[in-house]
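> Here you go, this is final.txt (compact mmCIF, C-alpha atoms).
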# COMPACT_ATOMS: atom_id res chain seq x y z
CA MET A 1 -75.91 55.64 6.23
CA ASP A 2 -76.04 51.99 5.29
CA TYR A 3 -72.76 50.16 5.48
CA LYS A 4 -74.28 46.78 4.79
CA TYR A 5 -72.16 46.29 1.66
CA ILE A 6 -68.96 47.04 3.57
CA GLU A 7 -70.00 44.67 6.33
CA GLN A 8 -70.66 41.94 3.77
CA LEU A 9 -67.25 42.53 2.25
CA LEU A 10 -65.73 42.32 5.70
CA GLU A 11 -67.54 39.05 6.37
CA ARG A 12 -66.15 37.63 3.14
CA TYR A 13 -62.72 39.14 3.94
CA TRP A 14 -62.51 37.22 7.21
CA GLU A 15 -63.43 34.08 5.30
CA CYS A 16 -60.65 34.81 2.78
CA GLU A 17 -63.14 34.90 -0.07
CA THR A 18 -62.64 38.48 -1.26
CA SER A 19 -61.06 39.32 -4.58
CA GLU A 20 -58.24 41.83 -5.13
CA ALA A 21 -60.73 44.41 -6.30
CA GLU A 22 -62.96 43.93 -3.24
CA GLU A 23 -59.99 44.24 -0.92
CA SER A 24 -59.05 47.42 -2.72
CA ILE A 25 -62.56 48.74 -2.04
CA LEU A 26 -62.15 47.95 1.64
CA ARG A 27 -58.76 49.69 1.80
CA THR A 28 -60.18 52.76 0.04
CA PHE A 29 -63.16 52.86 2.42
CA PHE A 30 -60.99 52.68 5.52
CA SER A 31 -58.60 55.33 4.20
CA GLN A 32 -61.27 58.02 4.29
CA LYS A 33 -61.53 60.38 7.25
CA ASP A 34 -64.99 59.57 8.55
CA ILE A 35 -65.22 55.95 9.59
CA PRO A 36 -68.41 54.87 11.38
CA ALA A 37 -67.84 53.98 15.01
CA GLU A 38 -68.89 50.33 14.63
CA LEU A 39 -66.20 49.84 11.91
CA LYS A 40 -63.51 51.98 13.51
CA ARG A 41 -61.74 48.98 15.02
CA TYR A 42 -60.81 47.72 11.54
CA GLU A 43 -59.35 51.00 10.41
CA ALA A 44 -55.79 50.36 11.66
CA LEU A 45 -55.62 47.02 9.88
CA PHE A 46 -56.65 48.33 6.48
CA LYS A 47 -54.57 51.48 6.80
CA TYR A 48 -51.58 49.30 7.55
CA GLU A 49 -52.28 47.19 4.47
CA GLN A 50 -52.71 50.34 2.41
CA ARG A 51 -49.42 51.71 3.68
CA GLU A 52 -47.51 48.49 3.08
CA ALA A 53 -48.92 48.13 -0.42
CA GLU A 54 -47.48 51.52 -1.26
CA VAL A 55 -43.94 50.56 -0.25
CA HIS A 56 -41.66 50.40 -3.31
CA LEU A 57 -37.97 50.47 -4.01
CA SER A 58 -36.70 54.00 -4.25
CA ASN A 59 -35.37 55.27 -7.56
CA ASP A 60 -31.81 55.31 -6.30
CA PHE A 61 -31.96 51.74 -4.94
CA ASP A 62 -29.73 50.30 -7.67
CA GLN A 63 -27.15 53.02 -7.18
CA ARG A 64 -27.07 52.46 -3.43
CA VAL A 65 -26.62 48.70 -3.84
CA LEU A 66 -23.82 49.13 -6.35
CA ALA A 67 -22.16 51.67 -4.10
CA ALA A 68 -22.44 49.26 -1.15
CA ILE A 69 -20.82 46.45 -3.18
CA GLY A 70 -17.98 48.74 -4.16
CA ASN A 71 -17.35 49.69 -0.51
CA GLU A 72 -15.36 47.27 1.64
CA LYS A 73 -17.04 48.64 4.71
CA PRO A 74 -20.81 48.41 4.42
CA GLU A 75 -22.71 51.51 5.40
CA PRO A 76 -24.01 51.10 8.95
CA ASP A 77 -27.47 52.45 8.17
CA VAL A 78 -27.88 50.02 5.24
CA GLU A 79 -26.62 46.86 6.95
CA ALA A 80 -29.41 44.93 8.60
CA PRO A 81 -28.75 43.77 12.16
CA PHE A 82 -29.27 40.08 11.33
CA LEU A 83 -26.61 40.08 8.61
CA GLN A 84 -23.27 38.60 9.64
CA THR A 85 -19.93 39.50 8.18
CA VAL A 86 -18.26 36.52 6.43
CA LYS A 87 -14.51 36.87 6.13
CA ALA A 88 -12.49 34.95 3.54
CA ARG A 89 -9.79 32.77 5.08
CA ARG A 90 -6.49 31.88 3.47
CA ILE A 91 -6.02 28.08 3.27
CA THR A 92 -2.42 26.91 3.39
CA LEU A 93 -1.00 24.30 0.99
CA SER A 94 -0.50 21.74 3.73
CA ARG A 95 -4.11 22.21 4.82
CA ARG A 96 -5.29 21.72 1.26
CA LEU A 97 -3.21 18.54 0.95
CA GLN A 98 -4.59 17.13 4.20
CA PRO A 99 -7.01 14.73 2.46
CA LEU A 100 -4.07 13.48 0.38
CA TYR A 101 -2.11 12.69 3.52
CA ARG A 102 -5.05 10.76 4.88
CA ALA A 103 -5.40 8.75 1.69
CA ALA A 104 -1.66 8.07 1.57
CA ALA A 105 -1.68 6.99 5.20
CA ALA A 106 -4.55 4.60 4.49
CA VAL A 107 -2.72 3.10 1.50
CA ALA A 108 0.45 2.78 3.56
CA ILE A 109 -1.40 0.99 6.36
CA VAL A 110 -2.99 -1.48 3.93
CA THR A 111 0.35 -2.08 2.16
CA LEU A 112 2.15 -2.53 5.44
CA LEU A 113 -0.38 -4.99 6.79
CA GLY A 114 -0.41 -6.91 3.49
CA THR A 115 3.37 -7.11 3.34
CA ALA A 116 3.61 -8.06 6.98
CA ALA A 117 0.99 -10.79 6.56
CA GLN A 118 2.64 -12.12 3.42
CA HIS A 119 6.05 -11.99 5.06
CA SER A 120 4.96 -13.78 8.20
CA PHE A 121 2.91 -16.44 6.42
CA THR A 122 5.39 -17.31 3.72
CA SER A 123 8.63 -17.07 5.64
CA ASP A 124 7.50 -18.74 8.81
CA THR A 125 5.52 -21.61 7.38
CA GLU A 126 6.54 -22.35 3.83
CA ASN A 127 10.08 -21.03 3.50
CA GLY A 128 11.44 -21.34 7.02
CA ALA A 129 14.94 -19.87 7.20
CA TRP A 130 15.25 -19.88 3.39
CA ASP A 131 15.63 -16.24 2.42
CA TYR A 132 16.36 -16.25 -1.31
CA ASN A 133 14.62 -14.32 -4.02
CA GLN A 134 12.36 -16.91 -5.59
CA SER A 135 11.81 -14.87 -8.75
CA ALA A 136 15.54 -15.03 -9.54
CA TYR A 137 15.28 -18.71 -10.48
CA LYS A 138 14.54 -19.44 -14.13
CA ASP A 139 14.00 -23.12 -14.88
CA SER A 140 16.18 -24.94 -17.37
CA TYR A 141 13.58 -27.69 -17.73
CA ALA A 142 9.90 -27.49 -18.47
CA ASP A 143 9.21 -31.18 -17.87
CA PRO A 144 9.27 -32.15 -14.15
CA GLN A 145 10.30 -35.71 -15.00
CA LYS A 146 13.40 -34.50 -16.86
CA ALA A 147 14.09 -31.99 -14.11
CA TYR A 148 13.86 -34.79 -11.54
CA ALA A 149 16.40 -36.88 -13.47
CA ALA A 150 18.71 -33.88 -13.73
CA GLY A 151 18.28 -33.15 -10.02
CA ILE A 152 19.19 -36.70 -8.98
CA GLU A 153 22.18 -36.63 -11.30
CA ALA A 154 23.25 -33.32 -9.77
CA LEU A 155 22.97 -34.67 -6.23
CA GLN A 156 25.19 -37.60 -7.27
CA MET A 157 27.98 -35.01 -7.58
CA PHE A 158 28.14 -34.89 -3.79
CA LYS A 159 29.62 -38.41 -3.94
CA GLU A 160 32.50 -37.03 -6.00
CA GLY A 161 33.00 -34.15 -3.59
CA PRO A 162 35.22 -33.90 -0.50
CA GLN A 163 34.24 -36.56 2.01
CA THR A 164 36.03 -35.24 5.05
CA ALA A 165 34.57 -32.30 6.88
CA VAL A 166 37.09 -29.69 7.96
CA ALA A 167 34.70 -27.86 10.25
CA ASP A 168 31.96 -28.79 12.61
CA THR A 169 28.87 -27.24 11.12
CA MET A 170 27.36 -26.83 14.56
CA GLN A 171 30.17 -24.44 15.49
CA ASN A 172 29.05 -22.11 12.77
CA LYS A 173 25.45 -21.98 13.83
CA GLN A 174 25.88 -18.65 15.52
CA ALA A 175 27.43 -17.07 12.47
CA ASN A 176 24.61 -16.04 10.27
CA ASN A 177 25.52 -15.20 6.73
CA MET B 1 -7.62 11.18 16.00
CA ALA B 2 -8.82 13.75 18.43
CA TYR B 3 -6.65 16.66 17.40
CA SER B 4 -8.63 19.82 17.01
CA HIS B 5 -5.97 22.09 15.55
CA PRO B 6 -5.74 21.48 11.80
CA ASP B 7 -1.99 22.19 11.58
CA LEU B 8 -1.26 19.80 14.41
CA MET B 9 -3.39 17.14 12.74
CA THR B 10 -1.57 17.62 9.44
CA GLN B 11 1.76 17.31 11.17
CA SER B 12 0.62 14.14 12.93
CA LEU B 13 -0.54 12.62 9.65
CA LYS B 14 2.77 13.47 8.02
CA TYR B 15 4.63 11.87 10.89
CA LEU B 16 2.45 8.77 10.80
CA LEU B 17 2.96 8.50 7.06
CA ALA B 18 6.72 8.77 7.40
CA VAL B 19 6.81 6.12 10.12
CA LEU B 20 4.64 3.71 8.14
CA PHE B 21 6.66 4.25 4.97
CA SER B 22 9.93 3.65 6.80
CA PHE B 23 8.55 0.55 8.49
CA THR B 24 7.34 -0.84 5.15
CA LEU B 25 10.75 -0.24 3.60
CA ALA B 26 12.44 -1.92 6.55
CA LEU B 27 10.13 -4.91 6.28
CA ASN B 28 10.73 -5.22 2.57
CA ALA B 29 14.45 -4.97 3.14
CA THR B 30 14.33 -8.00 5.40
CA ALA B 31 12.16 -9.93 2.98
CA GLN B 32 13.45 -12.69 0.72
CA ASN B 33 15.96 -11.11 -1.61
CA GLU B 34 19.17 -13.08 -1.13
CA GLU B 35 21.16 -14.38 -4.09
CA ASP B 36 22.77 -17.80 -4.14
CA PHE B 37 26.44 -18.43 -4.83
CA ALA B 38 26.05 -19.85 -8.35
CA SER B 39 23.89 -16.95 -9.45
CA ARG B 40 26.43 -14.45 -8.14
CA TYR B 41 29.28 -16.40 -9.73
CA MET B 42 27.56 -16.50 -13.13
CA THR B 43 26.77 -12.78 -12.95
CA LEU B 44 30.38 -11.93 -12.18
CA TYR B 45 32.36 -14.34 -14.32
CA ALA B 46 30.25 -16.12 -16.95
CA GLN B 47 30.62 -13.51 -19.64
CA GLY B 48 33.19 -14.54 -22.22
CA THR B 49 33.53 -18.09 -20.86
CA SER B 50 31.99 -21.45 -21.75
CA LEU B 51 30.16 -21.63 -18.42
CA GLU B 52 26.61 -22.96 -18.46
CA CYS B 53 24.18 -23.00 -15.58
CA THR B 54 21.34 -25.48 -15.20
CA THR B 55 18.62 -24.42 -12.77
CA LEU B 56 15.80 -26.20 -10.97
CA SER B 57 13.64 -23.50 -9.39
CA PRO B 58 11.58 -23.69 -6.19
CA ASP B 59 8.43 -24.06 -8.31
CA MET B 60 9.96 -26.96 -10.23
CA MET B 61 11.04 -28.62 -6.97
CA LYS B 62 7.41 -28.55 -5.87
CA LEU B 63 6.35 -30.18 -9.15
CA ILE B 64 9.05 -32.82 -8.77
CA LEU B 65 7.81 -33.71 -5.30
CA GLY B 66 4.40 -34.40 -6.82
CA LEU B 67 5.74 -36.98 -9.29
CA PRO B 68 4.66 -40.60 -8.64
CA SER B 69 8.25 -41.82 -8.98
CA VAL B 70 9.28 -39.47 -6.17
CA GLU B 71 6.26 -40.36 -4.04
CA GLU B 72 7.37 -44.00 -4.13
CA ASN B 73 11.03 -43.25 -3.37
CA GLU B 74 11.26 -42.38 0.31
CA LEU B 75 14.92 -41.35 0.24
CA ALA B 76 14.54 -39.12 -2.82
CA LYS B 77 11.41 -37.59 -1.31
CA GLU B 78 13.19 -36.97 1.99
CA LEU B 79 16.14 -35.29 0.28
CA LEU B 80 14.28 -33.28 -2.33
CA SER B 81 11.73 -32.00 0.17
CA GLN B 82 14.59 -30.21 1.94
CA LEU B 83 15.65 -28.40 -1.21
CA LYS B 84 14.24 -25.25 -2.77
CA SER B 85 16.61 -25.02 -5.71
CA ILE B 86 19.42 -26.83 -7.47
CA ARG B 87 21.95 -25.20 -9.76
CA VAL B 88 24.73 -26.94 -11.64
CA VAL B 89 27.44 -24.86 -13.29
CA LYS B 90 29.83 -26.47 -15.78
CA ASN B 91 32.28 -25.29 -18.37
CA ALA B 92 33.19 -26.78 -21.74
CA ALA B 93 36.60 -25.25 -22.46
CA LYS B 94 39.26 -27.07 -20.45
CA GLY B 95 41.71 -24.19 -20.78
CA GLU B 96 39.71 -21.96 -18.50
CA THR B 97 38.99 -24.57 -15.81
CA ALA B 98 41.80 -23.65 -13.40
CA LYS B 99 40.95 -19.97 -13.61
CA LEU B 100 37.24 -20.62 -13.04
CA PHE B 101 38.02 -22.78 -10.01
CA ASP B 102 40.26 -20.07 -8.61
CA LEU B 103 37.58 -17.44 -9.16
CA ALA B 104 35.05 -19.56 -7.27
CA HIS B 105 37.54 -20.05 -4.45
CA GLN B 106 38.25 -16.32 -4.29
CA LEU B 107 34.54 -15.50 -4.29
CA ALA B 108 33.99 -17.88 -1.36
CA LEU B 109 36.93 -16.34 0.53
CA LYS B 110 35.64 -12.86 -0.18
CA ASN B 111 32.31 -13.85 1.36
CA HIS B 112 33.84 -15.83 4.23
CA LYS B 113 31.32 -14.46 6.70
CA ARG B 114 28.52 -15.82 4.58
CA TYR B 115 30.04 -19.08 3.39
CA LYS B 116 31.93 -21.30 5.81
CA LEU B 117 34.32 -23.93 4.49
CA PHE B 118 32.82 -27.28 5.37
CA ALA B 119 35.05 -29.77 3.53
CA GLU B 120 38.14 -29.60 1.36
CA GLU B 121 40.03 -32.27 -0.50
CA GLY B 122 42.47 -31.47 -3.30
CA ASN B 123 40.64 -29.55 -5.97
CA LYS B 124 37.28 -30.01 -4.28
CA GLN B 125 35.75 -27.57 -1.85
CA MET B 126 32.43 -27.43 -0.07
CA TYR B 127 30.92 -24.44 1.71
CA ILE B 128 27.75 -23.99 3.65
CA ARG B 129 25.68 -20.95 4.47
CA ARG B 130 23.50 -20.79 7.55
CA HIS B 131 20.60 -18.47 8.28
CA ASP B 132 18.96 -18.39 11.69
CA GLY B 133 21.26 -21.25 12.63
CA LYS B 134 19.96 -23.52 9.88
CA ILE B 135 21.70 -24.64 6.71
CA VAL B 136 20.09 -22.83 3.79
CA GLU B 137 22.75 -23.29 1.12
CA ILE B 138 25.49 -25.76 0.18
CA VAL B 139 28.05 -24.91 -2.49
CA MET B 140 30.48 -27.49 -3.83
CA PHE B 141 32.91 -26.87 -6.64
CA MET B 142 35.75 -28.92 -8.08
CA HIS B 143 37.81 -29.36 -11.19
CA ASN B 144 38.92 -32.56 -12.81
CA GLY B 145 39.56 -31.39 -16.30
CA HIS B 146 36.33 -29.39 -16.30
CA PHE B 147 35.04 -26.98 -13.69
CA GLN B 148 31.89 -28.16 -11.92
CA MET B 149 29.80 -26.42 -9.30
CA LEU B 150 26.80 -27.76 -7.45
CA ASN B 151 24.72 -25.22 -5.52
CA VAL B 152 21.63 -26.26 -3.56
CA THR B 153 19.42 -24.06 -1.37
CA GLY B 154 16.59 -24.96 0.98
CA ASN B 155 15.92 -25.79 4.57
CA ILE B 156 18.58 -28.42 4.84
CA SER B 157 19.03 -30.81 7.75
CA GLU B 158 22.38 -31.55 9.39
CA SER B 159 22.20 -35.12 8.12
CA PHE B 160 21.52 -34.17 4.50
CA LEU B 161 25.05 -34.89 3.30
CA GLN B 162 25.10 -38.27 4.97
CA GLN B 163 21.74 -39.11 3.37
CA VAL B 164 22.74 -37.90 -0.09
CA LEU B 165 25.64 -40.37 -0.19
CA LYS B 166 23.09 -43.19 -0.04
CA ILE B 167 21.45 -42.26 -3.34
Output the structure of this file as structure tokens.

Amino acid sequence: MDYKYIEQLLERYWECETSEAEESILRTFFSQKDIPAELKRYEALFKYEQREAEVHLSNDFDQRVLAAIGNEKPEPDVEAPFLQTVKARRITLSRRLQPLYRAAAAVAIVTLLGTAAQHSFTSDTENGAWDYNQSAYKDSYADPQKAYAAGIEALQMFKEGPQTAVADTMQNKQANN
Amino acid sequence: MAYSHPDLMTQSLKYLLAVLFSFTLALNATAQNEEDFASRYMTLYAQGTSLECTTLSPDMMKLILGLPSVEENELAKELLSQLKSIRVVKNAAKGETAKLFDLAHQLALKNHKRYKLFAEEGNKQMYIRRHDGKIVEIVMFMHNGHFQMLNVTGNISESFLQQVLKI
């Protein structure tokens, strides 16, 4: 018997040039009982392909899946060995607010550093020991020249004041406030 | 931070936050928020009286120091550069003068730890306030028909009062 056609198909099969129909012919040929000895070595391959091509979902597949979803415990024979069980974990409120704490801490650090820098720069260099609330002063004059005249006039009042000190100011140095 | 346990890390963050917040509050509490004598006096007693307060603020004092007339006057420049603010309080109604003077005196006595009597002569009194050992406020009030109060704040030298008499 001449199997030249089959051999040609095989040649083209190894080159990946066969069509679906030609591969079907090959699978049909190798599914028969009498396979020539020189082609016997290919039989297992094409029978395997034939067998795999016939694998389909069973009719009760949907029912089995739905039943598995409904069950908390998956059926041992259905569960594949590579699947891992993922358990839901309860997250506490403090854990959920953790990013908020971080953000608040960052804001607090920036505020603290800013306040500290402002405090140290202004009080130590510009204001010295002067510790009054600057925003509490509302000017009575808008014109500096008029304000200057009023200031000098005000300082003249010291001449009308008591001229004799009753206490040594240096003695009070230790008494703050 | 190298804490692996999430609860421990949360607790640490809470603690850090509380410490920082407290420290910020403490720092703000020590910041500049004092009130001068004249301001306190006006807040307490001005309502219903003829008292008027004239104020030169720290910002205005800076502007004054930049004036050419001050630049040329060494004594004025020396004195004004020590001051941050000037307030003058006066009344118009003579009938209330004695009471207003007494109220100022009582307020100074009430705050005797803060204001030390520096000079006294008849119906004239002068008090000073020190902070960190330095004079930061001088209050003088008197009555001669009308009530008058002069209140200056700043970083004031010990010789300020001697210098101011030379104006």
> What is the distance between atom CA of Ser69 of chain B and atom CA of Lys138 of chain A, in Å to one decimal?
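Computing the Euclidean distance for atom CA of Ser69 of chain B and atom CA of Lys138 of chain A yields 23.8 Å.
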> Using only C-alpha atoms, select each residue of chain B with any atom at most 6 Å away from an atom of chain A, and give the selection as an NGL selection string.
:B and (17 or 24 or 32-35 or 54-57 or 64 or 113-114 or 118-121 or 124 or 130-131 or 133 or 136 or 154 or 165)
> Just to confirm, what's the straight-line distance from atom CA of Glu71 of chain B to atom CA of Glu137 of chain B in Å (one decimal)?
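Atom CA of Glu71 of chain B sits 24.3 Å away from atom CA of Glu137 of chain B.
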> Using all atoms listed in the file, which residues sit within 12 Å of Glu52 of chain A once same-chain residues fewer than 6 positions away are excluded, as a ChimeraX atom specification?
/A:27,45-46
> Taking all atoms listed in the file into account, which of B:Thr49, B:Met126, B:Lys90, B:Leu83 comes nearest Leu65 of chain B?
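Counting all atoms listed in the file, the residue closest to Leu65 of chain B is B:Leu83.
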> Take atom CA of Met60 of chain B and atom CA of Arg87 of chain B and report the distance between them in Å, one decimal.
12.1 Å
> When you count only C-alpha atoms, which of these residues is closest to Phe29 of chain A: A:Gly70, A:Arg51, A:Ile6, A:Glu15?
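For Phe29 of chain A, the nearest of the given residues is A:Ile6.
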